[in-house]
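Enquirer: Once you've had a glance at the structure underneath, I'll fire off some questions.
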Number of protein chains: 4
Amino acid sequence: MASSLPLNPRKNPQQARSEGLVAAILEAAAQVLAEEGAARFTTARVAERAGVSVGSLYQYFPNKAAILFRLQVNEWQRTSSMMRRIVEDLSKPAHDRIRELVQVFIHSECEEAAMRVALSDAAPLYRDTQETRVFRRAGRETIRQYIAGALPASVPADAQTTAAEMIRLTLTSAGKRFSESPRTQDEITRCAEAMADMFIAYIDALEQRHNTGSGQA
Amino acid sequence: MASSLPLNPRKNPQQARSEGLVAAILEAAAQVLAEEGAARFTTARVAERAGVSVGSLYQYFPNKAAILFRLQVNEWQRTSSMMRRIVEDLSKPAHDRIRELVQVFIHSECEEAAMRVALSDAAPLYRDTQETRVFRRAGRETIRQYIAGALPASVPADAQTTAAEMIRLTLTSAGKRFSESPRTQDEITRCAEAMADMFIAYIDALEQRHNTGSGQA
Amino acid sequence: MASSLPLNPRKNPQQARSEGLVAAILEAAAQVLAEEGAARFTTARVAERAGVSVGSLYQYFPNKAAILFRLQVNEWQRTSSMMRRIVEDLSKPAHDRIRELVQVFIHSECEEAAMRVALSDAAPLYRDTQETRVFRRAGRETIRQYIAGALPASVPADAQTTAAEMIRLTLTSAGKRFSESPRTQDEITRCAEAMADMFIAYIDALEQRHNTGSGQA
Amino acid sequence: MASSLPLNPRKNPQQARSEGLVAAILEAAAQVLAEEGAARFTTARVAERAGVSVGSLYQYFPNKAAILFRLQVNEWQRTSSMMRRIVEDLSKPAHDRIRELVQVFIHSECEEAAMRVALSDAAPLYRDTQETRVFRRAGRETIRQYIAGALPASVPADAQTTAAEMIRLTLTSAGKRFSESPRTQDEITRCAEAMADMFIAYIDALEQRHNTGSGQA
DNA sequence: GATGAATGAGTATTCATTCAT
DNA sequence: TATGAATGAATACTCATTCAT
């Protein structure tokens with residue numbers, strides 16, 4: 001569809017004031033999204049919420065999609081750095097890192113669920129963009145590598161890639177879907193446990209298949 | 001949000017004519033969705049495509065959301081009956097049934113992907129309805145039971161429920177996500193294979209855990 | 001610039017009601033143009049003036065430019081048929097027909113001057129369209145032929161074409177420019193007289209040049 | 001309409017710096033007009049192009065219209081001085097001076113056509129001003145006198161005025177209209193020739209009418 | 001003087017839904 | 001029953017101009 005909307009910030013927020021405004025707008029945008037939903041996410045509402053004129057809003061964002069895109073990028077970065085922290089902690093055994101990864105990820109998905117769901121609802125507005133595609137692809141790659149980093153080294157590279165990709169796909173998509181309904185802390189923990197169980201069983205089976213001499217596969 | 005839109009058909013399609021019209025409208029709706037996307041899915045376009053006046057359209061559907069809802073229900077029913085067929089074929093061992101379930105499901109998700117993605121994009125329009133919630137819950141339950149039906153009987157009931165739910169969640173959400181990008185037949189098959197591997201490893205581990213006498217858990 | 005706006009009427013006004021609405025909208029448009037000027041010519045104002053909702057307006061015209069285009073076409077047709085009537089009245093000598101043509105044209109240009117000036121001001125909105133170009137070219141051609149029809153037959157074809165084109169250009173552009181300022185009837189008549197004098201002198205000179213045997217040219 | 005916008009420069013450009021800035025702004029304005037058209041002629045774009053802040057722009061011009069007005073005045077002055085040079089060259093016979101006048105004027109109109117057309121498109125913005133009216137009236141007068149200066153002295157004063165005014169009106173309006181379409185050098189020359197033919201025939205006829213003793217008029 | 005961030009009124013266009021015919 | 005004309009609220013985005021720094 002609209003695959004060429006420019007999502008780049010209009011000006012580099014060089015000055016503290018600018019950065020503050022951008023932050024205020026993004027904060028307001030997140031609130032509007034969470035409280036009013038994607039359908040009522042309008043530039044006017046965001047500007048009003050941010051205590052800024054629409055004109056100012058458009059000085060920092062070229063269009064509505066760009067605001068949503070920035071919100072999404074921020075989410076991705078948060079997720080990504082969170083994962084990196086866990087995965088790079090080599091003091092823990094692989095299984096524990098996987099378990100922690102899943103727990104932290106699912107819990108984090110369930111935080112600010114309203115906003116995240118609304119952001120997903122609005123995805124059609126910023127999804128079909130070169131920029132988004134590039135960003136998303138890069139994010140996918142990064143996360144897959146983090147996951148691969150927690151897999152046993154004995155698994156051959158291509159099997160590792162496949163498995164990491166399946167785990168990434170499951171983690172992110174099932175995590176998102178799970179977080180769409182309101183959940184208690186207990187439910188969240190149990191869901192993450194089951195998912196980690198599944199991942200670990202999968203990894204162990206993979207390891208076994210490749211370890212056992214001439215292997216069965 | 002808009003949780004009280006009536007999605008029920010306005011009249012019981014008693015006459016053949018009515019049924020034909022409803023079918024024509026739904027067919028047209030699916031086409032519009034697939035070819036124009038959710039953003040351009042308008043009642044006027046659907047009516048025109050169906051060769052019907054908007055007025056008539058509104059005689060069979062109380063509002064736009066109801067059309068989308070019906071489309072979604074049809075998808076759910078198709079999926080559900082497809083699963084039932086596989087799961088009830090007791091001539092095959094459980095593992096095979098799981099593999100087949102996943103293969104068929106993922107392939108089916110990737111068919112008519114354009115329409116299904118657009119239908120998902122439009123979900124905010126019909127999602128927050130009592131009716132949808134009821135239907136979805138029932139569908140979830142049914143599918144979970146189908147999956148549970150393919151799990152080994154030795155696993156205790158509650159563990160079985162948890163596992164079936166995790167598999168259902170993964171299958172449907174990762175399947176949907178996977179189908180959002182265009183895929184070759186080969187890619188689809190390999191994704192389904194990996195997913196089935198994961199599920200089977202998960203099930204086997206579960207079985208083992210509960211079989212081994214006093215078990216570790 | 002915007003060279004691809006569709007200016008075609010959205011629906012054929014088949015019914016009397018439709019025709020009435022289109023006429024009402026065009027009438028209102030002419031009034032808004034005359035009284036408020038091109039800059040304040042908005043679809044909302046036109047609709048209000050016509051006693052119609054904006055929605056209805058957009059059922060009969062695909063966009064603002066189309067309304068202006070229709071107004072312009074009407075002007076062109078009025079001018080064209082007026083010229084034809086004069087030029088086809090063979091009972092009068094050529095000179096008289098030229099004089100009458102000029103008088104009638106200039107007087108007509110000065111009528112509804114406010115609206116016509118505003119319509120010209122708005123020209124950038126509908127000018128750069130395939131449709132307008134086609135229409136304008138056809139109109140130019142027609143008028144040139146009418147003028148050629150009043151020229152003496154002794155002038156060779158190509159000289160006749162050149163002269164008719166120069167007279168057309170002068171008549172229409174100087175007529176338009178002259179009508180931009182408010183004028184008394186007397187001023188208008190005298191301007192038309194002088195212009196006709198010029199045209200007739202031009203035609204006579206042309207005739208003479210081509211009549212005098214080996215001529216000077 | 002908006003007949004009271006102040007178009008006067010805000011400050012006398014006493015300093016060299018000021019003059020430079022004014023010139024830079026006008027140059028930038030001409031470029032923006034030529035390259036982007038009247039609709040995209042914004043103060044922001046002009047300022048950016050001129051390498052100046054909007055604030056500075058507003059120090060030298062009270063509003064957007066004033067920039068356009070200055071551009072127009074410059075055009076008028078260029079035209080005017082060009083005409084004066086030709087008309088005051090008494091070494092050439094009147095006919096030749098008329099021919100040259102027309103040729104040079106039409107060619108000059110066709111130069112920078114893009115900018116001139118855009119400047120005309122923007123005319124509604126500066127046209128309805130006391131200042132513009134005064135300037136335009138003065139310009140008209142001057143040009144008419146230049147033209148009168150090339151007419152034969154035997155024609156009585158009032159007839160001369162009428163004729164000069166008709167020629168001025170035709171020259172400027174038809175010239176402008178002609179230049180609105182892209183033209184080859186050859187087309188331009190031939191148009192100017194035909195126009196000069198017309199003017200000379202007109203002048204000769206006038207002369208004859210007034211020379212022939214008791215004359216018919 | 002110079003800057004450029006902030007303002008906010010203004011506008012074209014769409015679309016779900018109704019209801020007179 | 002069927003039609004489709006009519007409605008009008010809603011919304012993204014622009015731009016001339018000001019004024020605090």
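Residues are named by chain letter and number: chains run A, B, ... in the order of the structure tokens, numbers start at 1 in each chain, and ligands are numbered from 1 in the order shown.
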Contacts of E:DC19 at 12 Å or less, counting only C-alpha atoms (C1' of nucleotides), minus same-chain residues fewer than 5 places along, as a VMD selection string?

Expert: (chain B and resid 55) or (chain F and resid 3 to 7)

Enquirer: Kindly provide, as a count of residues only, the residues of chain D having any atom no farther than 8 Å from an atom of chain F, counting only C-alpha atoms (C1' of nucleotides).

Expert: 4

Enquirer: Specify as number ranges by chain all residues of chain D found within 8 Å of chain E, counting only C-alpha atoms (C1' of nucleotides).

Expert: D: 53-56

Enquirer: With chain C laid on chain A by least squares, using all C-alpha atoms in order, how large is the RMSD?

Expert: 0.1 Å

Enquirer: In stretch 89-141 of chain A, what's helix (DSSP H, G or I) per DSSP? Answer as a ChimeraX atom specification?

Expert: /A:94-110,113-121,123-126,130-141
